[in-house]
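For reference, run.csv is printed below; it contains CSV, C-alpha atoms and all ligand atoms.
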```
chain,number,residue,atom,x,y,z
G,1,MET,CA,-1.2,1.7,25.6
G,2,THR,CA,1.8,0.3,23.8
G,3,THR,CA,4.8,2.1,22.5
G,4,VAL,CA,6.4,0.3,19.5
G,5,LEU,CA,9.5,0.8,17.5
G,6,ALA,CA,8.7,-0.5,14.0
G,7,ILE,CA,10.8,-1.2,10.9
G,8,GLU,CA,9.6,-1.5,7.3
G,9,THR,CA,12.0,-2.7,4.6
G,10,SER,CA,9.7,-4.8,2.3
G,11,CYS,CA,10.6,-2.9,-0.9
G,12,ASP,CA,12.5,0.3,-1.6
G,13,GLU,CA,12.0,2.5,1.5
G,14,THR,CA,14.0,2.0,4.7
G,15,ALA,CA,11.5,3.2,7.3
G,16,VAL,CA,11.5,3.3,11.1
G,17,ALA,CA,8.9,4.8,13.3
G,18,VAL,CA,8.0,5.1,17.0
G,19,VAL,CA,4.2,5.0,17.7
G,20,LYS,CA,2.0,4.7,20.7
G,21,ASN,CA,-1.0,2.9,19.4
G,22,ARG,CA,-2.6,5.3,16.9
G,23,GLN,CA,-0.3,8.3,17.8
G,24,VAL,CA,2.9,8.8,15.8
G,25,TYR,CA,5.9,10.0,17.7
G,26,SER,CA,8.4,9.8,14.8
G,27,SER,CA,8.3,8.4,11.3
G,28,ILE,CA,11.6,8.2,9.3
G,29,VAL,CA,11.4,7.2,5.6
G,30,ALA,CA,14.6,6.9,3.7
G,31,SER,CA,13.6,6.5,0.1
G,32,GLN,CA,15.8,4.6,-2.4
G,33,ILE,CA,13.8,6.0,-5.4
G,34,LEU,CA,16.8,8.0,-6.7
G,35,ILE,CA,19.0,4.9,-6.8
G,36,HIS,CA,16.4,2.6,-8.5
G,37,GLN,CA,15.2,5.4,-10.9
G,38,HIS,CA,18.5,4.8,-12.8
G,39,TYR,CA,17.3,1.2,-13.6
G,40,GLY,CA,13.6,2.1,-14.3
G,41,GLY,CA,12.4,0.0,-11.3
G,42,VAL,CA,13.4,-1.7,-8.1
G,43,VAL,CA,16.5,-3.9,-8.2
G,44,PRO,CA,16.1,-6.4,-5.3
G,45,GLU,CA,19.8,-6.9,-4.6
G,46,VAL,CA,20.5,-3.2,-4.7
G,47,ALA,CA,17.5,-2.6,-2.3
G,48,SER,CA,18.8,-5.1,0.3
G,49,ARG,CA,22.3,-3.5,0.3
G,50,GLN,CA,20.8,0.0,0.6
G,51,HIS,CA,18.6,-1.1,3.5
G,52,LEU,CA,21.7,-2.5,5.3
G,53,GLU,CA,23.5,0.9,5.0
G,54,THR,CA,20.5,2.9,6.1
G,55,ILE,CA,18.8,0.9,8.8
G,56,ASN,CA,21.0,1.8,11.8
G,57,PRO,CA,21.0,5.6,11.2
G,58,ALA,CA,17.2,5.4,10.6
G,59,ILE,CA,16.6,3.6,13.9
G,60,ALA,CA,18.8,6.2,15.8
G,61,GLN,CA,16.9,9.0,14.1
G,62,ALA,CA,13.5,7.6,14.9
G,63,LEU,CA,14.3,7.3,18.6
G,64,LEU,CA,15.9,10.8,18.7
G,65,GLN,CA,12.9,12.4,17.0
G,66,ALA,CA,10.5,10.6,19.4
G,67,LYS,CA,12.7,11.8,22.3
G,68,LEU,CA,12.5,8.3,23.8
G,69,GLY,CA,15.1,5.8,25.0
G,70,TRP,CA,14.9,2.0,24.8
G,71,GLY,CA,13.5,1.9,28.4
G,72,GLU,CA,10.3,3.5,27.1
G,73,ILE,CA,9.8,1.1,24.1
G,74,ASP,CA,7.4,-1.8,24.9
G,75,ALA,CA,7.8,-3.9,21.8
G,76,ILE,CA,9.8,-4.0,18.5
G,77,ALA,CA,8.1,-4.8,15.2
G,78,ALA,CA,9.1,-5.4,11.6
G,79,THR,CA,7.4,-6.2,8.3
G,80,CYS,CA,8.0,-9.8,7.6
G,81,ALA,CA,5.7,-10.5,4.6
G,82,PRO,CA,5.0,-10.0,1.8
G,83,GLY,CA,7.8,-8.4,-0.1
G,84,LEU,CA,11.3,-8.8,-1.4
G,85,VAL,CA,12.9,-11.6,0.7
G,86,GLY,CA,16.4,-10.0,0.9
G,87,ALA,CA,14.9,-6.6,1.8
G,88,LEU,CA,12.5,-8.1,4.4
G,89,LEU,CA,15.4,-10.0,6.0
G,90,VAL,CA,17.3,-6.8,6.8
G,91,GLY,CA,14.4,-5.2,8.7
G,92,THR,CA,13.3,-8.4,10.5
G,93,THR,CA,16.9,-9.3,11.5
G,94,ALA,CA,17.5,-5.8,12.9
G,95,ALA,CA,14.2,-6.0,14.9
G,96,LYS,CA,14.8,-9.4,16.3
G,97,THR,CA,18.4,-8.5,17.3
G,98,LEU,CA,17.1,-5.3,19.1
G,99,ALA,CA,14.4,-7.4,20.7
G,100,MET,CA,17.0,-9.8,22.1
G,101,VAL,CA,19.5,-7.1,23.1
G,102,HIS,CA,16.9,-5.0,24.9
G,103,GLN,CA,14.8,-7.9,26.1
G,104,LYS,CA,11.6,-6.7,24.4
G,105,PRO,CA,8.8,-8.7,22.7
G,106,PHE,CA,9.1,-9.0,18.9
G,107,LEU,CA,6.2,-8.8,16.4
G,108,GLY,CA,6.3,-9.6,12.7
G,109,VAL,CA,3.7,-7.6,10.7
G,110,HIS,CA,2.0,-8.3,7.4
G,111,HIS,CA,2.7,-5.4,5.1
G,112,LEU,CA,-0.9,-5.1,3.8
G,113,GLU,CA,-2.3,-5.2,7.3
G,114,GLY,CA,0.1,-2.2,7.9
G,115,HIS,CA,-1.5,-0.4,4.9
G,116,ILE,CA,-5.0,-1.0,6.4
G,117,TYR,CA,-3.8,0.4,9.8
G,118,ALA,CA,-2.6,3.6,8.1
G,119,SER,CA,-6.2,4.6,8.2
G,120,TYR,CA,-6.2,4.5,12.0
G,121,LEU,CA,-3.4,7.1,12.1
G,122,SER,CA,-5.6,9.7,10.5
G,123,GLU,CA,-8.9,8.5,12.0
G,124,PRO,CA,-8.0,7.2,15.5
G,125,THR,CA,-11.7,6.5,16.2
G,126,LEU,CA,-12.2,4.2,13.2
G,127,GLU,CA,-13.2,0.7,14.3
G,128,PRO,CA,-14.0,-2.5,12.3
G,129,PRO,CA,-16.0,-3.6,10.5
G,130,PHE,CA,-15.1,-1.6,7.4
G,131,LEU,CA,-14.0,-2.2,3.8
G,132,SER,CA,-10.4,-1.6,2.9
G,133,LEU,CA,-9.4,-0.8,-0.7
G,134,LEU,CA,-5.7,-1.6,-0.9
G,135,VAL,CA,-4.1,-0.2,-3.9
G,136,SER,CA,-0.3,-0.3,-4.0
G,137,GLY,CA,2.5,-1.2,-6.5
G,138,GLY,CA,2.1,-4.9,-5.7
G,139,HIS,CA,-1.5,-5.4,-4.7
G,140,THR,CA,-5.0,-4.3,-5.5
G,141,SER,CA,-7.6,-5.8,-3.2
G,142,LEU,CA,-10.9,-5.2,-1.5
G,143,ILE,CA,-10.7,-6.5,2.0
G,144,HIS,CA,-13.4,-7.0,4.6
G,145,VAL,CA,-11.8,-5.9,7.9
G,146,LYS,CA,-13.6,-7.8,10.6
G,147,LYS,CA,-11.3,-7.2,13.6
G,148,CYS,CA,-7.5,-7.1,14.3
G,149,GLY,CA,-6.0,-10.1,12.5
G,150,GLU,CA,-9.3,-11.2,10.8
G,151,TYR,CA,-9.5,-10.3,7.1
G,152,GLU,CA,-11.5,-11.6,4.2
G,153,THR,CA,-10.4,-10.7,0.6
G,154,LEU,CA,-13.6,-10.1,-1.4
G,155,GLY,CA,-12.0,-8.8,-4.6
G,156,GLN,CA,-8.6,-8.4,-6.2
G,157,THR,CA,-6.9,-7.7,-9.5
G,158,ARG,CA,-6.4,-10.8,-11.7
G,159,ASP,CA,-3.2,-9.4,-13.3
G,160,ASP,CA,-1.4,-6.1,-12.7
G,161,ALA,CA,-1.8,-4.1,-9.5
G,162,ALA,CA,-3.2,-0.5,-9.9
G,163,GLY,CA,0.2,1.0,-9.0
G,164,GLU,CA,2.0,-1.4,-11.4
G,165,ALA,CA,-0.4,-0.1,-14.2
G,166,PHE,CA,0.6,3.5,-13.4
G,167,ASP,CA,4.3,2.5,-13.4
G,168,LYS,CA,4.0,0.6,-16.7
G,169,VAL,CA,2.0,3.3,-18.5
G,170,ALA,CA,4.5,5.9,-17.3
G,171,ARG,CA,7.4,3.8,-18.6
G,172,LEU,CA,5.7,3.5,-22.1
G,173,LEU,CA,5.2,7.3,-22.1
G,174,LYS,CA,8.9,7.6,-21.1
G,175,LEU,CA,8.1,9.6,-18.0
G,176,GLY,CA,10.3,7.8,-15.4
G,177,TYR,CA,9.8,5.9,-12.2
G,178,PRO,CA,7.7,5.6,-10.1
G,179,GLY,CA,5.0,6.4,-12.5
G,180,GLY,CA,2.0,7.2,-10.2
G,181,PRO,CA,3.0,10.6,-8.9
G,182,ILE,CA,4.2,11.7,-12.4
G,183,ILE,CA,1.0,10.6,-14.2
G,184,ASP,CA,-1.1,12.2,-11.4
G,185,LYS,CA,0.6,15.6,-11.9
G,186,LEU,CA,0.3,15.5,-15.7
G,187,ALA,CA,-3.3,14.3,-15.5
G,188,GLN,CA,-4.3,17.5,-13.7
G,189,GLN,CA,-3.5,19.5,-16.9
G,190,GLY,CA,-5.2,17.0,-19.2
G,191,ASN,CA,-8.7,16.1,-20.4
G,192,THR,CA,-10.1,13.0,-18.9
G,193,LYS,CA,-12.5,12.5,-21.9
G,194,ALA,CA,-9.8,12.9,-24.6
G,195,PHE,CA,-9.5,9.2,-25.1
G,196,SER,CA,-11.9,6.4,-24.4
G,197,LEU,CA,-10.0,3.5,-22.8
G,198,PRO,CA,-11.4,0.1,-21.8
G,199,GLU,CA,-12.0,-0.8,-18.2
G,200,GLY,CA,-10.8,-4.4,-17.7
G,201,LYS,CA,-13.7,-6.7,-16.7
G,202,ILE,CA,-13.6,-10.3,-15.4
G,203,SER,CA,-16.2,-12.5,-17.2
G,204,LEU,CA,-18.0,-15.0,-15.1
G,205,PRO,CA,-18.5,-18.6,-16.4
G,206,ASN,CA,-22.3,-18.2,-16.4
G,207,GLY,CA,-22.4,-14.8,-18.0
G,208,GLY,CA,-22.0,-11.3,-16.6
G,209,PHE,CA,-18.9,-9.9,-14.9
G,210,HIS,CA,-17.3,-10.3,-11.5
G,211,PRO,CA,-18.5,-7.4,-9.4
G,212,TYR,CA,-15.3,-6.8,-7.4
G,213,ASP,CA,-12.4,-8.3,-9.3
G,214,ALA,CA,-10.4,-6.0,-11.6
G,215,SER,CA,-7.9,-6.3,-14.5
G,216,PHE,CA,-5.5,-3.6,-15.5
G,217,SER,CA,-3.3,-5.4,-18.1
G,218,GLY,CA,-5.7,-4.8,-21.0
G,219,LEU,CA,-5.9,-1.1,-20.1
G,220,LYS,CA,-2.1,-0.9,-20.2
G,221,THR,CA,-2.1,-2.6,-23.7
G,222,ALA,CA,-4.8,-0.2,-24.9
G,223,VAL,CA,-2.6,2.8,-23.9
G,224,LEU,CA,0.3,1.2,-25.7
G,225,ARG,CA,-1.8,0.8,-28.9
G,226,LEU,CA,-3.0,4.4,-28.6
G,227,VAL,CA,0.5,5.7,-28.2
G,228,GLN,CA,1.7,3.7,-31.2
G,229,GLN,CA,-1.2,5.1,-33.3
G,230,LEU,CA,-0.6,8.7,-32.2
G,231,GLU,CA,3.2,8.4,-32.8
G,232,LYS,CA,2.4,7.5,-36.5
G,233,THR,CA,0.9,11.0,-36.9
G,234,GLY,CA,4.3,12.5,-36.2
G,235,LYS,CA,2.9,15.1,-33.8
G,236,ALA,CA,4.0,15.5,-30.2
G,237,LEU,CA,2.2,13.0,-27.9
G,238,PRO,CA,-0.6,14.6,-25.9
G,239,VAL,CA,0.8,13.1,-22.7
G,240,GLU,CA,-1.4,15.2,-20.3
G,241,ASP,CA,-4.6,13.9,-22.1
G,242,ILE,CA,-3.4,10.3,-22.2
G,243,ALA,CA,-2.4,10.5,-18.5
G,244,ALA,CA,-5.8,12.1,-17.6
G,245,SER,CA,-7.8,9.5,-19.6
G,246,PHE,CA,-5.8,6.6,-18.1
G,247,GLN,CA,-6.1,7.9,-14.5
G,248,ASP,CA,-9.8,8.5,-14.8
G,249,THR,CA,-10.3,4.9,-16.2
G,250,VAL,CA,-8.4,3.4,-13.2
G,251,ALA,CA,-10.2,5.7,-10.7
G,252,ARG,CA,-13.7,4.7,-12.1
G,253,ALA,CA,-12.8,1.0,-12.2
G,254,LEU,CA,-11.7,1.0,-8.5
G,255,THR,CA,-14.6,3.2,-7.4
G,256,LYS,CA,-17.2,1.1,-9.0
G,257,ARG,CA,-16.0,-2.1,-7.4
G,258,ALA,CA,-15.4,-0.6,-4.0
G,259,ILE,CA,-18.9,0.9,-3.9
G,260,ALA,CA,-20.6,-2.3,-5.1
G,261,CYS,CA,-18.7,-4.3,-2.5
G,262,ALA,CA,-19.4,-1.9,0.4
G,263,LEU,CA,-23.1,-1.8,-0.4
G,264,ASP,CA,-23.4,-5.6,-0.8
G,265,TYR,CA,-21.7,-6.2,2.5
G,266,GLY,CA,-23.4,-3.4,4.4
G,267,LEU,CA,-20.1,-1.7,5.2
G,268,GLU,CA,-20.5,2.1,5.6
G,269,THR,CA,-16.8,3.0,5.5
G,270,ILE,CA,-14.3,2.5,2.7
G,271,ALA,CA,-10.8,3.1,4.0
G,272,VAL,CA,-8.2,3.3,1.2
G,273,GLY,CA,-4.6,2.4,1.7
G,274,GLY,CA,-1.4,1.9,-0.4
G,275,GLY,CA,0.6,4.2,-2.7
G,276,VAL,CA,-2.3,4.7,-5.2
G,277,ALA,CA,-4.4,6.1,-2.3
G,278,ALA,CA,-2.3,9.2,-2.9
G,279,ASN,CA,-3.9,9.6,-6.4
G,280,SER,CA,-5.8,12.8,-6.7
G,281,GLY,CA,-8.2,11.4,-9.4
G,282,LEU,CA,-9.1,8.4,-7.1
G,283,ARG,CA,-9.5,10.6,-4.1
G,284,VAL,CA,-12.0,12.9,-5.8
G,285,HIS,CA,-14.0,10.3,-7.7
G,286,LEU,CA,-14.3,7.8,-4.8
G,287,THR,CA,-15.1,10.5,-2.2
G,288,THR,CA,-18.0,12.0,-4.3
G,289,THR,CA,-19.4,8.7,-5.4
G,290,ALA,CA,-19.3,7.3,-1.9
G,291,SER,CA,-21.1,10.3,-0.4
G,292,ALA,CA,-23.8,10.0,-3.2
G,293,HIS,CA,-24.4,6.5,-1.7
G,294,ASN,CA,-24.3,7.6,1.9
G,295,LEU,CA,-20.9,5.9,2.4
G,296,GLN,CA,-17.8,7.4,3.9
G,297,ALA,CA,-14.4,7.2,2.0
G,298,LEU,CA,-11.3,7.7,4.1
G,299,PHE,CA,-7.9,8.4,2.7
G,300,PRO,CA,-4.7,8.6,4.9
G,301,PRO,CA,-2.5,11.7,4.6
G,302,LEU,CA,-0.1,11.2,1.7
G,303,LYS,CA,2.9,10.4,3.8
G,304,PHE,CA,1.0,7.3,5.2
G,305,CYS,CA,-0.3,6.2,1.8
G,306,THR,CA,3.1,5.1,0.5
G,307,ASP,CA,5.4,2.7,2.5
G,308,ASN,CA,6.2,3.9,6.0
G,309,ALA,CA,6.8,2.3,9.4
G,310,ALA,CA,4.2,4.2,11.4
G,311,MET,CA,1.5,2.0,9.9
G,312,ILE,CA,3.5,-1.1,10.8
G,313,GLY,CA,3.9,0.1,14.4
G,314,CYS,CA,0.2,0.9,14.6
G,315,ALA,CA,-0.7,-2.7,13.5
G,316,ALA,CA,1.9,-4.2,15.9
G,317,ALA,CA,0.6,-2.1,18.9
G,318,GLU,CA,-2.9,-3.4,18.3
G,319,HIS,CA,-1.7,-7.0,18.1
G,320,PHE,CA,0.4,-6.6,21.2
G,321,ASP,CA,-2.6,-5.2,23.1
G,322,GLN,CA,-4.5,-8.4,22.0
G,323,GLY,CA,-1.8,-10.5,23.6
G,324,HIS,CA,-0.1,-11.4,20.3
G,325,THR,CA,3.7,-11.7,19.9
G,326,SER,CA,5.9,-13.5,17.4
G,327,PRO,CA,8.6,-16.1,18.0
G,328,LEU,CA,12.1,-15.0,17.3
G,329,THR,CA,12.3,-17.9,14.9
G,330,LEU,CA,9.7,-16.3,12.6
G,331,GLY,CA,10.8,-16.2,9.0
G,332,VAL,CA,10.1,-13.8,6.1
G,333,HIS,CA,7.8,-14.6,3.3
G,334,SER,CA,7.6,-13.2,-0.2
G,335,ARG,CA,3.9,-13.9,-0.3
G,336,LEU,CA,1.4,-14.4,2.5
G,337,ALA,CA,-2.4,-14.3,2.1
G,338,MET,CA,-4.3,-11.9,4.4
G,339,ASN,CA,-6.2,-14.8,6.0
G,340,GLN,CA,-2.9,-16.1,7.3
G,341,VAL,CA,-2.0,-13.1,9.3
G,342,MET,CA,-2.6,-14.8,12.6
G,343,GLU,CA,0.1,-17.5,11.7
G,344,LEU,CA,2.7,-14.8,12.5
G,345,TYR,CA,1.7,-14.8,16.2
G,346,HIS,CA,1.6,-17.0,19.4
G,347,HIS,CA,-1.8,-16.4,20.9
B,1,LIG,O1,2.3,1.2,-1.1
B,1,LIG,P1,3.5,1.6,-2.0
B,1,LIG,O2,4.4,2.7,-1.5
B,1,LIG,O3,4.4,0.4,-2.2
B,1,LIG,C1,3.9,-0.9,-2.3
B,1,LIG,O4,3.6,-1.6,-1.3
B,1,LIG,O5,3.8,-1.3,-3.5
B,1,LIG,O6,3.0,1.9,-3.4
B,1,LIG,C2,3.8,2.3,-4.5
B,1,LIG,C3,3.0,2.5,-5.7
B,1,LIG,C4,3.8,2.7,-7.0
B,1,LIG,O7,3.3,1.9,-8.0
B,1,LIG,C5,3.5,4.2,-7.3
B,1,LIG,O8,3.5,4.5,-8.7
B,1,LIG,C6,2.1,4.4,-6.8
B,1,LIG,O9,2.1,3.6,-5.6
B,1,LIG,N1,1.7,5.7,-6.5
B,1,LIG,C7,0.8,6.4,-7.1
B,1,LIG,C8,0.8,7.7,-6.6
B,1,LIG,N2,1.8,7.8,-5.6
B,1,LIG,C9,2.4,6.6,-5.6
B,1,LIG,N3,-0.1,6.0,-8.0
B,1,LIG,C10,-1.0,6.9,-8.5
B,1,LIG,N4,-1.0,8.2,-8.1
B,1,LIG,C11,-0.2,8.7,-7.1
B,1,LIG,N5,-0.2,9.9,-6.7
B,2,ZN,ZN,3.2,-0.9,0.4
```

File written out as structure tokens:
Amino acid sequence: MTTVLAIETSCDETAVAVVKNRQVYSSIVASQILIHQHYGGVVPEVASRQHLETINPAIAQALLQAKLGWGEIDAIAATCAPGLVGALLVGTTAAKTLAMVHQKPFLGVHHLEGHIYASYLSEPTLEPPFLSLLVSGGHTSLIHVKKCGEYETLGQTRDDAAGEAFDKVARLLKLGYPGGPIIDKLAQQGNTKAFSLPEGKISLPNGGFHPYDASFSGLKTAVLRLVQQLEKTGKALPVEDIAASFQDTVARALTKRAIACALDYGLETIAVGGGVAANSGLRVHLTTTASAHNLQALFPPLKFCTDNAAMIGCAAAEHFDQGHTSPLTLGVHSRLAMNQVMELYHH
């Protein structure tokens, strides 16, 4: 068993957690949403400066809540890719410094591997192989989880990520940032059948459509056109109905691809991760469709869907148990494919 102190600063949450494998001792998330809301989205330079201010108190708080001292920590981990480079640097530099000062091993973690590991926090008995549906603000992928560190991306979005689509549609409806939670709330009072919106499909060169790849930019444009048309009538916008119809279209598009992929690859479990895994429409639609196909859909609790450090610690503990550690010379990367995860470790 391995106790890890983990840091996550890839975007706009300064998060620190202490976990013992799949058990969470503490999970501190200091959100910067109120600061970035002012600009309508994340401002990278502002994010880095805010991480710098928050990181040390967050580390102290995580240890205090876990009731542990440095002597009981086996390894120190930080998200090192993908994400905003300046933001990633704050967390990784803090983790490496602590690793040097306290003479502990250091592990760099791939942010998306962390989102996959969030499923183990709620389902500690889950074991690969399974299919991961990763739906966040920056990514939308279907990943075949073969074992710790071994991933194959089977499908992805060709343009906007699902969370990005929620954020953009919320912006054009003038609802604020981040859009996902606001649209989700409004959608619950709207009619999903009020407007028929197009589900983006990726054509194949020899006819037909890609079974697992998705596209959300056309859907966003369709919502824009709909809003422009409705505005011409001079009546108040039916935002609840627009939100419900949009959310339902996204939930159906994601569900259809995830189910087809799980069935084709003989994977019985679909573990969903990332901020959009918090979406109530997706949770209901995927759960019922999966059970109709004798498949299991797993969703982490809401606090582990959006960015947190507990999922990073969980991934790091598993790597450490496999004998993987990272060099202190490890850099940060704004992008890193899932099949390059093992490049982060000596093994
Ligand atoms: O995983 P995450 O916290 O950060 C990234 O790694 O990107 O995901 C953030 C994204 C945002 O786009 C946000 O709008 C979306 O997740 N999100 C949601 C919900 N809660 C957060 N989207 C739909 N419904 C929600 N309830
Ligand atoms: Zn994330």

Seminar exercise, completed: re atom CA of Glu53 of chain G and atom CA of Leu34 of chain G: distance 15.2 Å

Seminar exercise, completed: Of G:Ser119, G:Asn308, G:Thr125, G:Ser132, the one sitting nearest ligand LIG 1 (chain B) when using only C-alpha atoms and all ligand atoms is G:Asn308

Seminar exercise, completed: One residue among G:Glu240, G:Asp307, G:Glu72, G:Glu150 is nearest to ligand LIG 1 (chain B) when using only C-alpha atoms and all ligand atoms, and that residue is G:Asp307

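For ligand LIG 1 (chain B), the neighbouring protein, DNA and RNA residues, which are those within 7 Å when all atoms listed in the file are counted, are G:Ser136, G:Gly137, G:Gly138, G:His139, G:Gly163, G:Glu164, G:Phe166, G:Asp167, G:Pro178, G:Gly179, G:Gly180, G:Pro181, G:Ile183, G:Asp184, G:Gly274, G:Gly275, G:Val276, G:Ala277, G:Ala278, G:Asn279, G:Ser280, G:Cys305, G:Thr306, G:Asp307.
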
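Residue nearest Thr249 of chain G within the list G:Leu226, G:Leu5, G:Cys261, G:Leu219: G:Leu219 [criterion: smallest interatomic distance, all atoms listed in the file].
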
Exercise. Hey, what's within 9 Å of Leu286 of chain G if we count all atoms listed in the file and toss same-chain stuff fewer than 6 positions away? As a PyMOL selection string, please?
Worked result: chain G and resi 251-252+254-256+258-259+297

Residues near segment 320-330 of chain G, cut-off 8 Å, only C-alpha atoms, skip fewer than 3 positions along chain, as a tab-separated table (two decimals) with C-alpha atoms, keeping the file's coordinate frame:
```
chain	number	residue	atom	x	y	z
G	1	MET	CA	-1.20	1.70	25.60
G	2	THR	CA	1.80	0.30	23.80
G	75	ALA	CA	7.80	-3.90	21.80
G	96	LYS	CA	14.80	-9.40	16.30
G	105	PRO	CA	8.80	-8.70	22.70
G	106	PHE	CA	9.10	-9.00	18.90
G	107	LEU	CA	6.20	-8.80	16.40
G	108	GLY	CA	6.30	-9.60	12.70
G	316	ALA	CA	1.90	-4.20	15.90
G	317	ALA	CA	0.60	-2.10	18.90
G	344	LEU	CA	2.70	-14.80	12.50
G	345	TYR	CA	1.70	-14.80	16.20
G	346	HIS	CA	1.60	-17.00	19.40
G	347	HIS	CA	-1.80	-16.40	20.90
```

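When all atoms listed in the file are used to measure the gap to Lys20 of chain G, the shortest distance among G:Ala60, G:Ile76, G:Pro82, G:Glu45 belongs to G:Ile76.
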
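If only C-alpha atoms and all ligand atoms are the atoms counted, then among G:Arg158, G:Lys303, G:His38, G:Lys235 the closest residue to ligand ZN 2 (chain B) is G:Lys303.
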
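From atom CA of Cys148 of chain G back to atom CA of His319 of chain G, the distance works out to 6.9 Å.
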
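Interatomic distance, atom CA of Phe299 of chain G against atom CA of Thr157 of chain G: 20.2 Å.
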
Once N, CA and C atoms are restored for segment 196-214 of chain G, what would the output be as a short mmCIF file (atom, residue, chain, number, x, y, z; two decimals), keeping the file's coordinate frame?
```cif
data_model
loop_
_atom_site.label_atom_id
_atom_site.label_comp_id
_atom_site.auth_asym_id
_atom_site.auth_seq_id
_atom_site.Cartn_x
_atom_site.Cartn_y
_atom_site.Cartn_z
N SER G 196 -11.08 7.38 -25.08
CA SER G 196 -11.90 6.40 -24.40
C SER G 196 -11.12 5.11 -24.25
N LEU G 197 -10.84 4.71 -23.03
CA LEU G 197 -10.00 3.50 -22.80
C LEU G 197 -10.86 2.44 -22.11
N PRO G 198 -10.55 1.16 -22.36
CA PRO G 198 -11.40 0.10 -21.80
C PRO G 198 -11.09 -0.20 -20.35
N GLU G 199 -12.17 -0.39 -19.59
CA GLU G 199 -12.00 -0.80 -18.20
C GLU G 199 -11.98 -2.31 -18.18
N GLY G 200 -10.95 -2.92 -17.65
CA GLY G 200 -10.80 -4.40 -17.70
C GLY G 200 -11.94 -5.03 -16.83
N LYS G 201 -12.63 -6.02 -17.41
CA LYS G 201 -13.70 -6.70 -16.70
C LYS G 201 -13.40 -8.19 -16.64
N ILE G 202 -13.79 -8.85 -15.57
CA ILE G 202 -13.60 -10.30 -15.40
C ILE G 202 -14.87 -11.02 -15.70
N SER G 203 -14.93 -11.77 -16.80
CA SER G 203 -16.20 -12.50 -17.20
C SER G 203 -16.39 -13.66 -16.20
N LEU G 204 -17.66 -13.90 -15.91
CA LEU G 204 -18.00 -15.00 -15.10
C LEU G 204 -18.45 -16.20 -15.97
N PRO G 205 -18.24 -17.45 -15.53
CA PRO G 205 -18.50 -18.60 -16.40
C PRO G 205 -20.00 -18.63 -16.87
N ASN G 206 -20.93 -18.15 -16.02
CA ASN G 206 -22.30 -18.20 -16.40
C ASN G 206 -22.87 -16.89 -16.95
N GLY G 207 -21.96 -16.06 -17.42
CA GLY G 207 -22.40 -14.80 -18.00
C GLY G 207 -22.19 -13.64 -16.97
N GLY G 208 -22.14 -12.42 -17.47
CA GLY G 208 -22.00 -11.30 -16.60
C GLY G 208 -20.49 -11.11 -16.18
N PHE G 209 -20.27 -10.17 -15.28
CA PHE G 209 -18.90 -9.90 -14.90
C PHE G 209 -18.75 -9.96 -13.36
N HIS G 210 -17.53 -10.27 -12.93
CA HIS G 210 -17.30 -10.30 -11.50
C HIS G 210 -17.45 -8.90 -10.92
N PRO G 211 -18.25 -8.76 -9.85
CA PRO G 211 -18.50 -7.40 -9.40
C PRO G 211 -17.37 -6.71 -8.69
N TYR G 212 -16.41 -7.47 -8.15
CA TYR G 212 -15.30 -6.80 -7.40
C TYR G 212 -13.93 -7.02 -7.93
N ASP G 213 -13.73 -8.07 -8.74
CA ASP G 213 -12.40 -8.30 -9.30
C ASP G 213 -12.09 -7.32 -10.42
N ALA G 214 -10.81 -6.98 -10.56
CA ALA G 214 -10.40 -6.00 -11.60
C ALA G 214 -9.30 -6.59 -12.45
#
```
